[in-house]
file coords-v4.cif (mmCIF, C-alpha atoms)
data_entry
loop_
_atom_site.label_atom_id
_atom_site.label_comp_id
_atom_site.auth_asym_id
_atom_site.auth_seq_id
_atom_site.Cartn_x
_atom_site.Cartn_y
_atom_site.Cartn_z
CA MET A 1 -12.91 10.54 -43.96
CA CYS A 2 -14.15 7.02 -43.23
CA VAL A 3 -11.79 5.59 -45.83
CA THR A 4 -8.74 7.24 -44.29
CA ALA A 5 -9.92 6.26 -40.83
CA ILE A 6 -9.98 2.53 -41.60
CA GLY A 7 -7.99 0.60 -39.02
CA CYS A 8 -7.44 3.50 -36.67
CA ASN A 9 -6.47 3.30 -33.02
CA VAL A 10 -6.46 6.18 -30.62
CA VAL A 11 -5.05 5.45 -27.17
CA ARG A 12 -4.33 7.70 -24.23
CA VAL A 13 -2.55 6.80 -21.00
CA THR A 14 -2.58 9.15 -18.03
CA LEU A 15 -0.61 8.64 -14.83
CA ASN A 16 -1.81 10.82 -11.98
CA THR A 17 -3.32 14.22 -12.72
CA PRO A 18 -1.03 16.38 -14.85
CA LEU A 19 -0.12 19.60 -12.99
CA THR A 20 -0.01 23.01 -14.62
CA GLN A 21 1.61 26.31 -13.66
CA ASN A 22 -1.78 27.47 -12.38
CA ASP A 23 -2.01 24.49 -10.01
CA VAL A 24 1.29 25.43 -8.34
CA ALA A 25 0.95 29.22 -8.48
CA PHE A 26 0.11 29.34 -4.76
CA ILE A 27 3.61 28.18 -3.78
CA VAL A 28 5.79 31.03 -2.53
CA PRO A 29 9.43 29.99 -2.00
CA GLY A 30 10.57 30.81 1.52
CA GLN A 31 7.02 30.89 2.87
CA THR A 32 5.01 27.87 1.76
CA THR A 33 5.64 24.64 3.64
CA LEU A 34 5.54 21.12 2.31
CA ALA A 35 2.42 20.56 4.43
CA ASP A 36 0.66 23.42 2.58
CA VAL A 37 1.58 21.85 -0.73
CA ILE A 38 0.38 18.41 0.36
CA THR A 39 -2.93 19.89 1.49
CA LYS A 40 -3.55 21.24 -2.03
CA LEU A 41 -1.81 18.72 -4.30
CA GLY A 42 -1.82 15.53 -2.23
CA THR A 43 1.22 13.51 -1.27
CA PRO A 44 4.22 13.54 -3.60
CA ASP A 45 5.24 10.35 -5.39
CA SER A 46 8.65 10.40 -3.79
CA ILE A 47 10.62 12.20 -1.11
CA THR A 48 14.39 12.04 -1.26
CA GLU A 49 17.24 13.79 0.48
CA SER A 50 19.93 15.81 -1.22
CA ASN A 51 22.84 17.93 0.04
CA MET A 52 20.66 21.02 -0.34
CA GLY A 53 17.61 19.66 1.46
CA VAL A 54 14.61 17.45 0.91
CA VAL A 55 13.30 16.94 -2.62
CA ALA A 56 9.61 16.11 -3.07
CA THR A 57 8.60 14.98 -6.55
CA TYR A 58 5.18 14.79 -8.18
CA ARG A 59 5.31 12.66 -11.33
CA PHE A 60 2.73 12.53 -14.06
CA LEU A 61 2.37 11.30 -17.60
CA ASP A 62 -0.03 12.03 -20.44
CA MET A 63 0.81 9.64 -23.28
CA LYS A 64 -1.00 9.87 -26.61
CA TYR A 65 -0.79 7.17 -29.26
CA SER A 66 -2.48 7.08 -32.64
CA ARG A 67 -2.20 4.54 -35.44
CA ILE A 68 -3.62 4.08 -38.92
CA ASN A 69 -3.45 0.82 -40.87
CA PHE A 70 -3.86 1.64 -44.57
CA GLY A 71 -3.50 -2.09 -45.34
CA TRP A 72 -7.17 -2.46 -44.43
CA LEU A 73 -7.98 -0.81 -47.76
CA LEU A 74 -6.64 -3.90 -49.57
CA LYS A 75 -8.32 -6.46 -47.31
CA PRO A 76 -11.33 -7.11 -49.59
CA PHE A 77 -9.01 -7.75 -52.57
CA SER A 78 -6.16 -9.67 -50.96
CA PRO A 79 -5.93 -13.31 -49.83
CA VAL A 80 -3.65 -12.23 -46.99
CA ASP A 81 -3.97 -9.49 -44.37
CA PRO A 82 -1.70 -6.74 -45.67
CA ASP A 83 -0.45 -4.05 -43.28
CA LEU A 84 0.74 -0.56 -44.00
CA ILE A 85 0.83 1.06 -40.62
CA ILE A 86 1.87 4.49 -39.52
CA SER A 87 1.79 5.37 -35.86
CA ARG A 88 3.24 7.80 -33.42
CA THR A 89 3.45 7.99 -29.64
CA GLY A 90 3.97 11.14 -27.61
CA PHE A 91 5.19 10.46 -24.08
CA GLY A 92 4.10 13.48 -22.10
CA THR A 93 6.21 12.61 -19.06
CA ASP A 94 6.90 15.39 -16.64
CA ALA A 95 7.46 15.99 -12.94
CA PHE A 96 7.11 18.82 -10.51
CA GLU A 97 9.94 19.07 -7.99
CA LEU A 98 10.12 20.94 -4.71
CA LEU A 99 13.24 21.58 -2.70
CA CYS A 100 12.59 22.06 1.03
CA ASP A 101 14.90 23.10 3.86
CA SER A 102 15.25 21.28 7.18
CA ASN A 103 12.06 23.00 8.47
CA TRP A 104 10.05 21.67 5.49
CA VAL A 105 9.76 25.17 3.97
CA VAL A 106 9.84 25.19 0.16
CA THR A 107 12.95 26.99 -1.10
CA HIS A 108 12.78 26.14 -4.81
CA GLN A 109 10.19 24.68 -7.17
CA SER A 110 10.25 23.74 -10.83
CA PHE A 111 8.74 21.55 -13.49
CA LEU A 112 11.18 19.09 -15.00
CA ARG A 113 10.37 19.60 -18.68
CA ARG A 114 7.58 22.17 -18.97
CA LEU A 115 5.68 20.16 -21.55
CA SER A 116 2.77 21.65 -23.41
CA GLY A 117 1.34 18.16 -23.92
CA PRO A 118 1.65 15.92 -26.98
CA ARG A 119 -1.03 15.80 -29.67
CA PHE A 120 -2.69 12.88 -31.43
CA ASN A 121 -0.75 12.77 -34.68
CA PRO A 122 -0.04 9.41 -36.37
CA TYR A 123 2.32 10.88 -38.98
CA PRO A 124 5.79 9.66 -37.94
CA PHE A 125 8.00 11.40 -40.51
CA MET B 1 -37.69 19.25 -32.32
CA LEU B 2 -39.44 16.84 -34.67
CA PHE B 3 -36.44 16.40 -36.97
CA LEU B 4 -34.27 15.56 -33.96
CA LYS B 5 -36.10 12.28 -33.32
CA PRO B 6 -35.17 10.62 -36.64
CA LEU B 7 -31.64 12.00 -36.26
CA THR B 8 -31.32 10.46 -32.79
CA GLY B 9 -32.60 7.16 -34.18
CA ILE B 10 -30.06 7.24 -37.00
CA VAL B 11 -27.24 7.96 -34.55
CA ILE B 12 -28.31 5.07 -32.29
CA ILE B 13 -28.59 2.65 -35.23
CA LEU B 14 -25.21 3.76 -36.58
CA ALA B 15 -23.63 3.34 -33.16
CA LEU B 16 -25.06 -0.19 -32.84
CA VAL B 17 -23.95 -1.17 -36.33
CA MET B 18 -20.47 0.30 -35.91
CA THR B 19 -19.81 -1.04 -32.42
CA GLN B 20 -17.92 -4.30 -32.34
CA GLY B 21 -17.63 -4.34 -28.60
CA CYS B 22 -16.12 -2.74 -25.58
CA ALA B 23 -13.60 -3.83 -22.99
CA PHE B 24 -12.88 -3.01 -19.38
CA SER B 25 -9.68 -4.02 -17.61
CA ARG B 26 -8.20 -3.21 -14.25
CA GLY B 27 -4.80 -3.70 -12.66
CA THR B 28 -3.59 -2.94 -9.15
CA ILE B 29 -0.20 -2.98 -7.46
CA GLY B 30 0.00 -3.20 -3.68
CA GLU B 31 -2.54 -3.58 -0.95
CA ASP B 32 -5.29 -1.08 -0.23
CA ILE B 33 -4.16 1.48 2.38
CA LYS B 34 -6.98 1.34 4.91
CA SER B 35 -7.95 4.77 6.24
CA GLU B 36 -9.06 3.17 9.55
CA SER B 37 -5.59 1.75 10.12
CA VAL B 38 -3.98 5.10 9.29
CA ALA B 39 -6.37 6.85 11.71
CA GLU B 40 -5.07 4.64 14.53
CA ILE B 41 -1.57 6.09 14.11
CA LYS B 42 -1.25 8.97 16.56
CA LYS B 43 1.31 11.73 16.14
CA ALA B 44 3.84 11.99 19.02
CA ALA B 45 2.46 8.76 20.53
CA SER B 46 2.60 5.80 18.15
CA THR B 47 5.91 4.00 17.76
CA LYS B 48 7.65 2.37 14.83
CA ALA B 49 6.44 -1.00 16.13
CA ASP B 50 2.83 0.23 16.20
CA VAL B 51 3.09 1.36 12.59
CA LEU B 52 4.56 -1.95 11.49
CA ALA B 53 1.85 -3.85 13.36
CA LEU B 54 -0.90 -1.80 11.72
CA LEU B 55 0.38 -1.50 8.17
CA GLY B 56 3.10 -4.11 7.79
CA ALA B 57 6.54 -3.46 6.34
CA PRO B 58 6.79 -0.32 4.22
CA ASP B 59 7.20 -0.49 0.45
CA ARG B 60 10.07 1.94 0.73
CA LEU B 61 12.21 3.11 3.66
CA LEU B 62 13.74 6.56 3.30
CA GLN B 63 16.01 8.72 5.41
CA VAL B 64 15.07 12.38 5.15
CA ASN B 65 16.13 15.30 7.36
CA GLY B 66 17.60 12.86 9.87
CA ARG B 67 14.29 11.06 10.19
CA ASP B 68 13.09 7.68 8.99
CA VAL B 69 10.21 7.82 6.53
CA PHE B 70 8.04 4.79 5.81
CA GLN B 71 6.39 4.98 2.40
CA TYR B 72 3.41 2.81 1.48
CA TYR B 73 1.89 2.96 -1.97
CA ARG B 74 -0.76 1.37 -4.10
CA TYR B 75 -1.40 1.83 -7.81
CA ASP B 76 -4.73 1.37 -9.54
CA ALA B 77 -5.12 1.28 -13.34
CA LYS B 78 -8.43 1.29 -15.17
CA VAL B 79 -8.67 0.69 -18.90
CA GLY B 80 -11.73 1.32 -21.02
CA SER B 81 -11.93 0.54 -24.74
CA LEU B 82 -14.61 1.18 -27.31
CA LEU B 83 -14.05 -1.05 -30.32
CA LEU B 84 -15.72 0.20 -33.48
CA ILE B 85 -15.42 -1.27 -36.96
CA LEU B 86 -13.37 1.59 -38.32
CA ILE B 87 -11.68 3.00 -35.24
CA ASN B 88 -10.85 1.97 -31.70
CA PHE B 89 -10.69 4.29 -28.71
CA SER B 90 -8.85 3.33 -25.53
CA ARG B 91 -7.95 5.15 -22.39
CA VAL B 92 -5.74 4.00 -19.55
CA SER B 93 -5.97 5.91 -16.28
CA VAL B 94 -3.44 5.22 -13.54
CA LYS B 95 -3.42 6.82 -10.10
CA SER B 96 -1.72 6.06 -6.82
CA ASP B 97 -2.43 6.17 -3.12
CA ASP B 98 0.58 7.22 -1.08
CA LEU B 99 1.18 7.17 2.64
CA PHE B 100 4.27 8.66 4.29
CA VAL B 101 4.88 8.05 7.99
CA ILE B 102 7.66 10.25 9.33
CA LEU B 103 9.43 8.96 12.47
CA ASN B 104 11.78 10.96 14.63
CA ARG B 105 15.15 9.74 15.94
CA GLU B 106 13.44 8.06 18.92
CA GLY B 107 11.19 6.05 16.59
CA ILE B 108 8.04 8.02 17.48
CA VAL B 109 5.64 9.10 14.73
CA GLU B 110 6.15 12.77 13.91
CA ASP B 111 3.79 13.12 10.96
CA VAL B 112 1.43 11.05 8.83
CA ILE B 113 0.71 12.11 5.26
CA LEU B 114 -1.91 10.23 3.26
CA SER B 115 -3.55 11.00 -0.04
CA LYS B 116 -5.89 8.69 -1.90
CA ARG B 117 -5.89 9.66 -5.52
CA THR B 118 -7.51 6.41 -6.64
CA GLU B 119 -10.84 7.38 -5.07
CA GLY B 120 -13.02 8.53 -7.92
CA LEU B 121 -10.82 6.95 -10.58
CA ALA B 122 -13.28 6.07 -13.34
CA PHE B 123 -13.26 3.83 -16.41
CA ARG B 124 -12.97 6.08 -19.45
CA PHE B 125 -12.63 5.23 -23.12
CA TRP B 126 -12.79 8.70 -24.70
CA PRO B 127 -9.15 9.76 -25.21
CA PHE B 128 -9.76 13.41 -26.03
CA GLY B 129 -10.21 16.38 -23.75
CA GLU B 130 -9.24 16.24 -20.08
#
call {"tool": "encode", "arguments": {"input": "coords-v4.cif", "output": "C-alpha coordinates"}}
result
Amino acid sequence: MCVTAIGCNVVRVTLNTPLTQNDVAFIVPGQTTLADVITKLGTPDSITESNMGVVATYRFLDMKYSRINFGWLLKPFSPVDPDLIISRTGFGTDAFELLCDSNWVVTHQSFLRRLSGPRFNPYPF
Amino acid sequence: MLFLKPLTGIVIILALVMTQGCAFSRGTIGEDIKSESVAEIKKAASTKADVLALLGAPDRLLQVNGRDVFQYYRYDAKVGSLLLILINFSRVSVKSDDLFVILNREGIVEDVILSKRTEGLAFRFWPFGE
(Lines of atoms letter the chains of each structure in order from A and count residues from 1; the text may use other names and numbers.)
(Lines give C-alpha, C1' and ligand atoms only; values in the text may rest on other atoms or scores of the structure.)
Protein backbone atom coordinates (compact mmCIF):
# COMPACT_ATOMS: atom_id res chain seq x y z
CA MET A 1 0.00 0.00 0.00
CA CYS A 2 2.84 2.37 0.86
CA VAL A 3 4.51 1.68 -2.47
CA THR A 4 1.40 2.56 -4.46
CA ALA A 5 0.82 5.59 -2.27
CA ILE A 6 4.20 7.16 -3.07
CA GLY A 7 3.77 10.73 -4.25
CA CYS A 8 0.09 10.98 -3.45
CA ASN A 9 -1.92 14.16 -3.04
CA VAL A 10 -5.44 14.35 -1.74
CA VAL A 11 -7.07 17.78 -1.89
CA ARG A 12 -10.59 18.91 -1.14
CA VAL A 13 -12.10 22.34 -1.73
CA THR A 14 -15.46 23.28 -0.26
CA LEU A 15 -17.33 26.50 -0.98
CA ASN A 16 -20.11 27.19 1.50
CA THR A 17 -21.93 24.31 3.13
CA PRO A 18 -23.34 21.86 0.59
CA LEU A 19 -27.14 21.62 0.92
CA THR A 20 -29.06 18.37 0.76
CA GLN A 21 -32.72 17.52 0.13
CA ASN A 22 -33.16 17.13 3.88
CA ASP A 23 -31.91 20.68 4.50
CA VAL A 24 -34.60 22.14 2.22
CA ALA A 25 -37.43 19.73 3.07
CA PHE A 26 -39.13 22.40 5.21
CA ILE A 27 -39.87 24.58 2.17
CA VAL A 28 -43.50 24.35 1.06
CA PRO A 29 -44.15 26.14 -2.25
CA GLY A 30 -46.96 28.66 -1.88
CA GLN A 31 -46.53 28.92 1.88
CA THR A 32 -42.90 29.39 2.86
CA THR A 33 -41.49 32.89 2.47
CA LEU A 34 -37.98 33.89 1.53
CA ALA A 35 -37.56 35.22 5.09
CA ASP A 36 -38.32 31.72 6.47
CA VAL A 37 -35.70 30.24 4.17
CA ILE A 38 -33.11 32.85 5.15
CA THR A 39 -33.76 32.17 8.83
CA LYS A 40 -32.84 28.50 8.32
CA LEU A 41 -30.27 28.57 5.51
CA GLY A 42 -28.78 32.06 5.78
CA THR A 43 -28.67 34.64 3.03
CA PRO A 44 -28.52 33.43 -0.57
CA ASP A 45 -25.42 34.12 -2.65
CA SER A 46 -27.40 36.06 -5.19
CA ILE A 47 -30.85 37.52 -5.75
CA THR A 48 -31.90 38.30 -9.29
CA GLU A 49 -35.13 39.23 -11.01
CA SER A 50 -36.77 37.29 -13.79
CA ASN A 51 -40.06 37.65 -15.67
CA MET A 52 -41.60 35.08 -13.34
CA GLY A 53 -40.42 36.64 -10.09
CA VAL A 54 -37.38 36.87 -7.87
CA VAL A 55 -34.75 34.13 -8.03
CA ALA A 56 -32.63 33.48 -4.93
CA THR A 57 -29.64 31.21 -5.45
CA TYR A 58 -27.52 29.32 -2.93
CA ARG A 59 -24.28 28.14 -4.53
CA PHE A 60 -21.93 25.53 -3.17
CA LEU A 61 -19.04 23.41 -4.32
CA ASP A 62 -17.38 20.25 -3.04
CA MET A 63 -14.33 19.60 -5.21
CA LYS A 64 -12.22 16.48 -4.73
CA TYR A 65 -8.80 16.04 -6.30
CA SER A 66 -6.46 13.09 -5.99
CA ARG A 67 -3.12 12.45 -7.66
CA ILE A 68 -0.51 9.70 -7.69
CA ASN A 69 3.01 10.11 -9.06
CA PHE A 70 4.37 6.66 -9.90
CA GLY A 71 7.60 8.32 -11.09
CA TRP A 72 8.66 8.46 -7.45
CA LEU A 73 9.30 4.72 -7.66
CA LEU A 74 12.23 5.41 -10.02
CA LYS A 75 13.68 8.32 -8.05
CA PRO A 76 16.36 6.28 -6.21
CA PHE A 77 17.60 4.81 -9.53
CA SER A 78 17.36 7.80 -11.85
CA PRO A 79 19.61 10.87 -12.22
CA VAL A 80 16.55 12.94 -13.11
CA ASP A 81 13.16 13.32 -11.44
CA PRO A 82 10.87 11.17 -13.57
CA ASP A 83 7.10 11.73 -13.44
CA LEU A 84 4.29 9.37 -14.26
CA ILE A 85 1.27 11.08 -12.86
CA ILE A 86 -2.37 10.15 -12.89
CA SER A 87 -4.89 12.48 -11.34
CA ARG A 88 -8.55 13.27 -11.42
CA THR A 89 -10.68 16.16 -10.20
CA GLY A 90 -14.38 16.01 -9.46
CA PHE A 91 -16.03 19.43 -9.40
CA GLY A 92 -19.08 18.98 -7.21
CA THR A 93 -20.63 22.31 -8.18
CA ASP A 94 -24.29 22.72 -7.50
CA ALA A 95 -26.82 25.38 -6.57
CA PHE A 96 -30.19 25.54 -4.93
CA GLU A 97 -32.61 27.97 -6.57
CA LEU A 98 -35.81 29.48 -5.26
CA LEU A 99 -38.38 31.34 -7.29
CA CYS A 100 -40.43 33.83 -5.27
CA ASP A 101 -43.46 35.92 -6.20
CA SER A 102 -43.81 39.66 -5.59
CA ASN A 103 -44.76 38.99 -1.92
CA TRP A 104 -41.53 37.01 -1.37
CA VAL A 105 -43.45 33.71 -1.11
CA VAL A 106 -41.57 30.73 -2.58
CA THR A 107 -43.40 29.35 -5.61
CA HIS A 108 -40.79 26.91 -6.93
CA GLN A 109 -37.57 25.37 -5.65
CA SER A 110 -34.99 23.08 -7.17
CA PHE A 111 -31.40 21.96 -7.09
CA LEU A 112 -29.49 22.74 -10.26
CA ARG A 113 -27.76 19.39 -10.79
CA ARG A 114 -28.73 17.06 -7.93
CA LEU A 115 -25.19 15.82 -7.43
CA SER A 116 -24.46 12.88 -5.21
CA GLY A 117 -20.95 14.22 -4.62
CA PRO A 118 -17.73 13.21 -6.37
CA ARG A 119 -15.38 10.61 -4.90
CA PHE A 120 -11.61 10.60 -4.46
CA ASN A 121 -10.53 8.53 -7.44
CA PRO A 122 -7.24 9.33 -9.23
CA TYR A 123 -7.88 6.92 -12.12
CA PRO A 124 -8.58 9.19 -15.12
CA PHE A 125 -9.41 6.63 -17.81
CA MET B 1 -4.55 -1.26 28.34
CA LEU B 2 -0.86 -2.05 28.72
CA PHE B 3 -0.34 -2.96 25.06
CA LEU B 4 -1.92 0.35 24.03
CA LYS B 5 0.97 2.39 25.44
CA PRO B 6 3.66 0.96 23.13
CA LEU B 7 1.19 1.20 20.23
CA THR B 8 0.56 4.88 20.97
CA GLY B 9 4.31 5.45 21.13
CA ILE B 10 4.83 3.75 17.78
CA VAL B 11 2.08 5.83 16.19
CA ILE B 12 3.59 9.07 17.55
CA ILE B 13 7.10 8.13 16.37
CA LEU B 14 5.77 7.14 12.94
CA ALA B 15 3.84 10.39 12.67
CA LEU B 16 6.96 12.41 13.56
CA VAL B 17 9.14 10.49 11.12
CA MET B 18 6.60 10.70 8.30
CA THR B 19 5.68 14.35 8.76
CA GLN B 20 7.60 16.73 6.55
CA GLY B 21 5.65 19.73 7.64
CA CYS B 22 2.34 21.47 7.60
CA ALA B 23 1.05 24.67 6.06
CA PHE B 24 -1.67 27.17 6.84
CA SER B 25 -2.83 29.82 4.40
CA ARG B 26 -5.66 32.29 4.37
CA GLY B 27 -7.21 34.54 1.76
CA THR B 28 -9.99 37.10 2.04
CA ILE B 29 -11.95 39.16 -0.46
CA GLY B 30 -13.76 42.28 0.70
CA GLU B 31 -13.99 44.11 3.97
CA ASP B 32 -15.42 42.62 7.14
CA ILE B 33 -19.15 43.40 7.45
CA LYS B 34 -19.38 44.86 10.94
CA SER B 35 -22.46 43.69 12.84
CA GLU B 36 -22.49 46.98 14.82
CA SER B 37 -22.81 49.00 11.62
CA VAL B 38 -25.59 46.72 10.36
CA ALA B 39 -27.41 47.08 13.70
CA GLU B 40 -27.51 50.86 13.19
CA ILE B 41 -29.62 50.42 10.05
CA LYS B 42 -33.26 50.72 11.09
CA LYS B 43 -36.09 49.31 9.01
CA ALA B 44 -38.60 51.95 7.78
CA ALA B 45 -36.34 54.73 9.10
CA SER B 46 -32.82 54.63 7.65
CA THR B 47 -32.30 56.09 4.19
CA LYS B 48 -30.10 55.12 1.27
CA ALA B 49 -27.67 57.86 2.34
CA ASP B 50 -27.49 56.42 5.87
CA VAL B 51 -26.64 52.99 4.49
CA LEU B 52 -23.95 54.38 2.23
CA ALA B 53 -22.47 56.39 5.11
CA LEU B 54 -22.36 53.32 7.35
CA LEU B 55 -21.23 50.64 4.93
CA GLY B 56 -19.87 52.45 1.89
CA ALA B 57 -20.80 51.66 -1.70
CA PRO B 58 -22.31 48.21 -2.22
CA ASP B 59 -20.41 45.45 -3.99
CA ARG B 60 -23.43 44.86 -6.15
CA LEU B 61 -26.56 46.91 -6.88
CA LEU B 62 -29.64 44.93 -7.88
CA GLN B 63 -33.18 45.80 -8.86
CA VAL B 64 -35.64 43.25 -7.53
CA ASN B 65 -39.44 43.49 -7.25
CA GLY B 66 -39.26 47.20 -8.06
CA ARG B 67 -36.88 47.80 -5.18
CA ASP B 68 -33.19 48.59 -5.04
CA VAL B 69 -31.10 45.98 -3.27
CA PHE B 70 -27.60 46.73 -2.00
CA GLN B 71 -25.47 43.60 -1.70
CA TYR B 72 -22.29 43.53 0.37
CA TYR B 73 -20.15 40.42 0.53
CA ARG B 74 -16.93 39.12 1.95
CA TYR B 75 -15.20 35.81 1.25
CA ASP B 76 -12.85 34.02 3.62
CA ALA B 77 -10.72 31.02 2.57
CA LYS B 78 -8.70 28.88 4.95
CA VAL B 79 -6.25 26.27 3.72
CA GLY B 80 -4.66 23.59 5.85
CA SER B 81 -2.09 21.10 4.56
CA LEU B 82 -0.41 18.14 6.18
CA LEU B 83 2.70 17.22 4.23
CA LEU B 84 3.86 13.66 4.81
CA ILE B 85 6.69 11.87 3.04
CA LEU B 86 4.41 9.56 1.10
CA ILE B 87 1.18 11.50 0.89
CA ASN B 88 -0.08 15.05 1.26
CA PHE B 89 -3.48 16.06 2.55
CA SER B 90 -4.94 19.50 1.87
CA ARG B 91 -8.28 21.07 2.47
CA VAL B 92 -9.54 24.44 1.30
CA SER B 93 -12.64 25.83 3.00
CA VAL B 94 -14.32 28.92 1.56
CA LYS B 95 -17.33 30.67 3.04
CA SER B 96 -18.96 34.04 2.56
CA ASP B 97 -20.68 36.72 4.58
CA ASP B 98 -23.55 38.33 2.71
CA LEU B 99 -25.59 41.40 3.51
CA PHE B 100 -28.64 42.47 1.51
CA VAL B 101 -30.23 45.85 2.20
CA ILE B 102 -33.59 46.20 0.47
CA LEU B 103 -34.74 49.78 -0.21
CA ASN B 104 -38.21 50.80 -1.28
CA ARG B 105 -39.03 53.26 -4.08
CA GLU B 106 -38.63 56.20 -1.68
CA GLY B 107 -35.10 55.09 -0.77
CA ILE B 108 -36.06 53.97 2.75
CA VAL B 109 -34.74 50.67 4.12
CA GLU B 110 -37.41 47.99 3.91
CA ASP B 111 -35.41 44.98 5.06
CA VAL B 112 -31.90 44.02 6.13
CA ILE B 113 -30.69 40.45 5.66
CA LEU B 114 -27.31 39.43 7.05
CA SER B 115 -25.71 36.06 7.47
CA LYS B 116 -22.15 35.47 8.59
CA ARG B 117 -21.08 32.06 7.41
CA THR B 118 -17.39 32.75 8.00
CA GLU B 119 -17.85 32.70 11.77
CA GLY B 120 -16.60 29.34 12.92
CA LEU B 121 -14.72 28.65 9.68
CA ALA B 122 -11.81 26.48 10.80
CA PHE B 123 -8.49 25.41 9.32
CA ARG B 124 -8.83 21.77 8.29
CA PHE B 125 -6.41 19.47 6.51
CA TRP B 126 -8.32 16.16 6.62
CA PRO B 127 -10.12 15.92 3.26
CA PHE B 128 -12.40 13.00 4.08
CA GLY B 129 -15.76 12.95 5.78
CA GLU B 130 -17.83 16.11 6.20
call {"tool": "interface_residues", "arguments": {"input": "coords-v4.cif", "of": "chain A", "to": "chain B", "cutoff": "10 Å", "atoms": "all atoms listed in the file", "output": "VMD selection string"}}
result
chain A and resid 2 to 18 35 38 to 39 41 to 50 53 to 55 60 to 68 72 100 to 104 119 to 120
call {"tool": "resolve_selection", "arguments": {"input": "coords-v4.cif", "expression": "the PyMOL selection byres ((chain B and resi 33-41) around 8)", "output": "PyMOL selection string"}}
result
chain B and resi 31-32+42-43+46+50-51+54-55+72-74+97+99+109+112
call {"tool": "atom_distance", "arguments": {"input": "coords-v4.cif", "atom1": "CA of His108 (chain A)", "atom2": "CA of Asn51 (chain A)"}}
result
13.9 Å
call {"tool": "atom_distance", "arguments": {"input": "coords-v4.cif", "atom1": "CA of Leu82 (chain B)", "atom2": "CA of Leu14 (chain B)"}}
result
14.3 Å
call {"tool": "atom_distance", "arguments": {"input": "coords-v4.cif", "atom1": "CA of Gln109 (chain A)", "atom2": "CA of Gly92 (chain A)"}}
result
19.6 Å
call {"tool": "residues_around", "arguments": {"input": "coords-v4.cif", "residues": "region 28-31 of chain A", "least_positions_apart": "2", "cutoff": "8 Å", "atoms": "all atoms listed in the file", "output": "ChimeraX atom specification"}}
result
/A:25-26,33,105-109
call {"tool": "axis_aligned_box", "arguments": {"input": "coords-v4.cif", "around": "region 110-116 of chain B", "padding_each_side": "5 Å", "output": "lines of an AutoDock Vina configuration file"}}
result
center_x = 0.1
center_y = 10.9
center_z = 6.0
size_x = 22.0
size_y = 14.4
size_z = 25.8
call {"tool": "residues_around", "arguments": {"input": "coords-v4.cif", "residues": "Phe125 (chain A)", "least_positions_apart": "2", "cutoff": "12 Å", "atoms": "all atoms listed in the file", "output": "list in words"}}
result
Ile86, Ser87, Arg88, Asn121, Pro122 and Tyr123 of chain A
